[in-house]
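See structure below.
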Amino acid sequence: MAHPPTTGAAGSPAAGALSGRRPAWREGVERARAAATTEPGRLRLLGAVLAALVVAFGAVTAWQVSDRRTAADAVAEHSQPLSAAAADIYRSLADADTTAASAFLAGGQEPAEVRHRYEADIDRASKLLVRAAATTDGSATAREEIRRINELLPVYTGLIESARANNRQGLPLGSAYLRYANDTMRGRLLPAAGRLYQAETARLGEDYGEAKSWPWAAIGTGAVALAALGWAQRRDFLRTNRVFNRGLLASTAASAVALLWLVVGHGLARAGLDDSDRHGAQSLHVLNEARIDSLRARGDENLTLVGRGAVVVDKGEDKGKDAYEVSYAERMAGLVGEPGTGSGAAAGAGADRAASGSLLARARDLADDGEGRAPVDEAVTRLREWQERHKAARAADDAGNYKDARAKVIGGEGSTGESFDQVDKLLAKALAHEQREFARAADDGRGALTGLAVGAGVLAALGAVAALLGMGRRLAEYR
């Protein structure tokens with residue numbers, strides 16, 4: 001008697017049937033492949049691809065524009081203010097050192113306004129360091145320099161207080177303390193502040209580079225999407241002899257508007273950011289250098305009288321010369337050049353223009369309007385005047401008339417101190433103007449990107465829906 005075959009045994013018909021069955025995913029692929037050989041299937045696939053390309057274009061545009069807007073915001077609201085704060089820290093420290101030397105020259109009872117200026121500089125530097133520490137992120141160099149300055153600043157102020165105490169008692173040890181404090185400032189504090197400024201300025205440059213870089217991925221995706229839409233419409237025309245497919249035409253228009261908006265908007269943003277860089281950030285950088293060098297030149301001038309030849313250059317062609325006087329001459333040459341070296345002088349040294357390549361010549365070239373150039377030109381005139389007055393002070397000191405020399409340096413009207421104060425105010429005025437120019441141009445630049453990311457996303461969504469509707473109209477003809 002024959003028995004029915006068991007199920008599940010190896011080699012049984014049931015097992016063979018089960019083992020020969022194709023996986024569901026393979027059956028789905030084969031059905032899709034079969035459908036793609038028909039015109040409705042091809043239309044469905046084409047509609048999906050077109051919609052995906054348009055959506056991808058919108059997504060990539062929103063992503064890249066958002067990144068550039070974030071970088072542009074960082075330029076205006078974070079990295080440039082941090083760079084300016086770092087420059088202000090440097091300037092405050094340099095001014096404190098210069099003011100301390102002026103107070104020492106005044107004798108045991110320094111003027112109250114001089115003491116107040118010194119204390120205000122130290123207080124401002126301390127507050128700016130706290131703010132910088134709280135807002136500086138991602139830069140190990142900046143954090144390390146802030147820590148170093150915070151450690152050294154109490155050492156410096158302690159030395160200054162020792163110099164003041166000895167100076168009040170008429171002890172010569174006071175000048176030694178002052179020179180030691182100056183060495184601490186120039187050899188350790190100011191270099192650290194300079195490195196902090198360089199780190200923050202480098203961060204500003206990185207943010208500029210990111211904000212201005214072209215969104216090539218978005219532009220490329222948009223071009224591919226438009227090319228695919230154009231090809232699809234040509235294909236539709238060749239197969240149906242219909243000139244327009246309204247859905248595909250609307251999708252093409254939405255994608256073209258988004259791409260044009262992207263290119264024009266980013267171009268305007270680049271132009272605004274370039275303007276804020278050249279006529280704002282770069283001008284500010286040069287003017288900050290000029291203001292700091294004028295402060296250091298003033299400090300050198302004061303210390304020349306304090307040291308009275310105690311510190312000399314120990315090598316090079318200036319060997320044996322007063323180190324502070326040599327440094328003063330170098331600072332002034334960097335600011336405007338040697339007296340009489342300016343271009344276009346017609347009415348004496350005071351009318352000289354800054355020598356080509358000097359800081360104030362560069363500052364004038366970067367200023368893009370009369371309001372920016374006027375204080376720079378006036379500062380050059382005051383610096384030339386300062387150089388002439390300095391010569392007279394040095395002549396008096398070299399002739400042994402120390403009191404007369406001191407009066408010519410720290411006295412009132414007609415002194416080099418008066419010239420320095422005028423230069424400092426003029427450079428501060430130029431800095432304020434260029435800061436406003438930077439803010440205006442930076443706001444114009446990032447304003448050009450306003451709404452672009454959201455707009456591109458909306459246009460892409462509309463374009464994708466229009467592409468699907470356009471293909472749907474063609475599919476309806478086959479039902």
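Within each chain, counting starts at residue 1; across the structure tokens, chains are named A, B, ... in the order shown, with ligands numbered 1 upward in that order.
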
Problem - Near-Lys425 (chain A) list (12 Å; only C-alpha atoms; drop same-chain fewer than 2 positions) as a PyMOL selection string - result: chain A and resi 291+294-295+375-376+378-379+382+418-423+427-432

Practice task
Identify which of the residues A:Glu144, A:Gly463, A:Glu151, A:Ser92 lies closest to Glu119 (chain A), counting only C-alpha atoms when measuring atom-to-atom distances.
Solution key: A:Ser92

Problem - region 251-261 of chain A surroundings by only C-alpha atoms, 9 Å radius, close-in-sequence under 6 positions cut, as number ranges by chain - result: A: 51, 54, 57-58, 61, 218-219, 222-223, 225-226, 229-230, 452, 455-457, 459-460, 462-467, 470

Restricting the output to C-alpha atoms, write the selected residues as a PDB file, in the first residue's frame.
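The resulting file, part-v4.pdb, is shown below:
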```pdb
ATOM      1  CA  ALA A  51      10.931  64.839  -7.601  1.00  0.00           C
ATOM      2  CA  VAL A  54      14.384  68.721  -6.943  1.00  0.00           C
ATOM      3  CA  PHE A  57      18.512  70.458  -4.616  1.00  0.00           C
ATOM      4  CA  GLY A  58      16.376  72.222  -2.016  1.00  0.00           C
ATOM      5  CA  THR A  61      20.782  74.529  -0.778  1.00  0.00           C
ATOM      6  CA  ALA A 218      23.966  73.191  -4.160  1.00  0.00           C
ATOM      7  CA  ILE A 219      24.713  74.860  -7.493  1.00  0.00           C
ATOM      8  CA  GLY A 222      20.438  72.544  -9.050  1.00  0.00           C
ATOM      9  CA  ALA A 223      22.061  72.344 -12.472  1.00  0.00           C
ATOM     10  CA  ALA A 225      17.881  68.963 -11.548  1.00  0.00           C
ATOM     11  CA  LEU A 226      17.254  71.568 -14.259  1.00  0.00           C
ATOM     12  CA  LEU A 229      13.675  68.472 -16.052  1.00  0.00           C
ATOM     13  CA  GLY A 230      14.645  69.821 -19.460  1.00  0.00           C
ATOM     14  CA  LEU A 452      17.249  81.942   1.124  1.00  0.00           C
ATOM     15  CA  GLY A 455      12.791  79.912   0.308  1.00  0.00           C
ATOM     16  CA  ALA A 456      14.846  77.241  -1.429  1.00  0.00           C
ATOM     17  CA  GLY A 457      13.142  74.557   0.656  1.00  0.00           C
ATOM     18  CA  LEU A 459      10.448  76.176  -3.901  1.00  0.00           C
ATOM     19  CA  ALA A 460      11.915  72.672  -3.934  1.00  0.00           C
ATOM     20  CA  LEU A 462       6.575  73.016  -4.829  1.00  0.00           C
ATOM     21  CA  GLY A 463       8.821  71.885  -7.681  1.00  0.00           C
ATOM     22  CA  ALA A 464       8.722  68.259  -6.544  1.00  0.00           C
ATOM     23  CA  VAL A 465       4.902  68.298  -6.270  1.00  0.00           C
ATOM     24  CA  ALA A 466       4.640  69.948  -9.693  1.00  0.00           C
ATOM     25  CA  ALA A 467       6.899  67.303 -11.253  1.00  0.00           C
ATOM     26  CA  GLY A 470       3.054  66.627 -14.464  1.00  0.00           C
TER      27      GLY A 470
END
```

Practice task
Just the residues within 12 Å of Ala192 (chain A), please, counting only C-alpha atoms, with nothing from its chain fewer than 6 positions along; format it as an MDAnalysis selection string.
Solution key: chainID A and resid 86:87 89:90 93 141:153 184:186 198:199

Completion exercise
Between A:Gly400, A:Pro81, A:Pro215, A:Gly205, smallest distance to Ser66 (chain A) by only C-alpha atoms belongs to A:Pro215

Handout entry: Contacts of region 437-447 of chain A within 6 Å, only C-alpha atoms, excl. fewer than 2 positions in-chain, as a PyMOL selection string
Key = chain A and resi 72+269+272-273+276+280+434-435+449-450

Suppose we keep N, CA, C and O atoms; can you now write the selection as a PDB file, in the first residue's frame?
```pdb
ATOM      1  N   ALA A  72      28.638  83.909   8.481  1.00  0.00           N
ATOM      2  CA  ALA A  72      28.519  85.365   8.339  1.00  0.00           C
ATOM      3  C   ALA A  72      28.080  85.999   9.653  1.00  0.00           C
ATOM      4  O   ALA A  72      28.557  87.079  10.035  1.00  0.00           O
ATOM      5  N   ALA A 269      26.045  88.525  -1.084  1.00  0.00           N
ATOM      6  CA  ALA A 269      26.608  88.303   0.257  1.00  0.00           C
ATOM      7  C   ALA A 269      28.125  88.365   0.212  1.00  0.00           C
ATOM      8  O   ALA A 269      28.764  88.972   1.082  1.00  0.00           O
ATOM      9  N   GLY A 272      29.231  92.002  -0.115  1.00  0.00           N
ATOM     10  CA  GLY A 272      29.131  92.712   1.152  1.00  0.00           C
ATOM     11  C   GLY A 272      30.207  92.298   2.142  1.00  0.00           C
ATOM     12  O   GLY A 272      30.805  93.137   2.820  1.00  0.00           O
ATOM     13  N   LEU A 273      30.479  90.998   2.220  1.00  0.00           N
ATOM     14  CA  LEU A 273      31.501  90.508   3.140  1.00  0.00           C
ATOM     15  C   LEU A 273      32.896  90.929   2.686  1.00  0.00           C
ATOM     16  O   LEU A 273      33.757  91.239   3.519  1.00  0.00           O
ATOM     17  N   SER A 276      33.203  94.438   3.784  1.00  0.00           N
ATOM     18  CA  SER A 276      33.411  94.534   5.230  1.00  0.00           C
ATOM     19  C   SER A 276      34.814  94.098   5.621  1.00  0.00           C
ATOM     20  O   SER A 276      35.369  94.579   6.610  1.00  0.00           O
ATOM     21  N   GLY A 280      36.709  97.331   6.256  1.00  0.00           N
ATOM     22  CA  GLY A 280      36.323  97.270   7.652  1.00  0.00           C
ATOM     23  C   GLY A 280      37.356  96.536   8.469  1.00  0.00           C
ATOM     24  O   GLY A 280      38.162  97.135   9.187  1.00  0.00           O
ATOM     25  N   GLU A 434      35.658 103.180  11.052  1.00  0.00           N
ATOM     26  CA  GLU A 434      35.837 101.919  10.337  1.00  0.00           C
ATOM     27  C   GLU A 434      35.028 100.794  10.978  1.00  0.00           C
ATOM     28  O   GLU A 434      34.575  99.885  10.286  1.00  0.00           O
ATOM     29  N   GLN A 435      34.823 100.844  12.288  1.00  0.00           N
ATOM     30  CA  GLN A 435      33.978  99.848  12.949  1.00  0.00           C
ATOM     31  C   GLN A 435      32.539  99.968  12.453  1.00  0.00           C
ATOM     32  O   GLN A 435      31.871  98.958  12.206  1.00  0.00           O
ATOM     33  N   LEU A 449      21.523  86.846   2.435  1.00  0.00           N
ATOM     34  CA  LEU A 449      21.190  85.425   2.580  1.00  0.00           C
ATOM     35  C   LEU A 449      19.878  85.213   3.336  1.00  0.00           C
ATOM     36  O   LEU A 449      19.434  84.068   3.476  1.00  0.00           O
ATOM     37  N   THR A 450      19.262  86.308   3.795  1.00  0.00           N
ATOM     38  CA  THR A 450      18.044  86.186   4.598  1.00  0.00           C
ATOM     39  C   THR A 450      16.932  85.514   3.795  1.00  0.00           C
ATOM     40  O   THR A 450      16.619  85.922   2.676  1.00  0.00           O
TER      41      THR A 450
END
```

Practice task
Pull the alpha helix (DSSP H) assignments for region 223-317 of chain A out of DSSP run on the backbone, and list those residues as JSON, numbers by chain.
Solution key: {"A": [223, 224, 225, 226, 227, 228, 229, 230, 231, 232, 233, 234, 235, 236, 237, 238, 239, 240, 246, 247, 248, 249, 250, 251, 252, 253, 254, 255, 256, 257, 258, 259, 260, 261, 262, 263, 264, 265, 266, 267, 268, 269, 270, 271, 272, 273, 274, 275, 276, 282, 283, 284, 285, 286, 287, 288, 289, 290, 291, 292, 293, 294, 295, 296, 297, 298, 299, 300, 301, 302, 303, 304, 305, 306, 307]}

Exercise for the section: Mind checking which residues fall within 10 Å of Gln282 (chain A), counting only C-alpha atoms, ignoring those fewer than 4 positions away in the same chain, and posting them as a PyMOL selection string? Expected result: chain A and resi 275-278+286-288+362-363+366-367+434+438

Exercise for the section: Name the closest residue to Thr221 (chain A) among the candidates A:Ser358, A:Thr157, A:Gln387, A:Gln64; distances are taken between atoms, counting only C-alpha atoms. Expected result: A:Gln64

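With distances restricted to only C-alpha atoms, A:Ala232 is the closest residue to Asn245 (chain A) from A:Leu189, A:His279, A:Ala232, A:Ala217.
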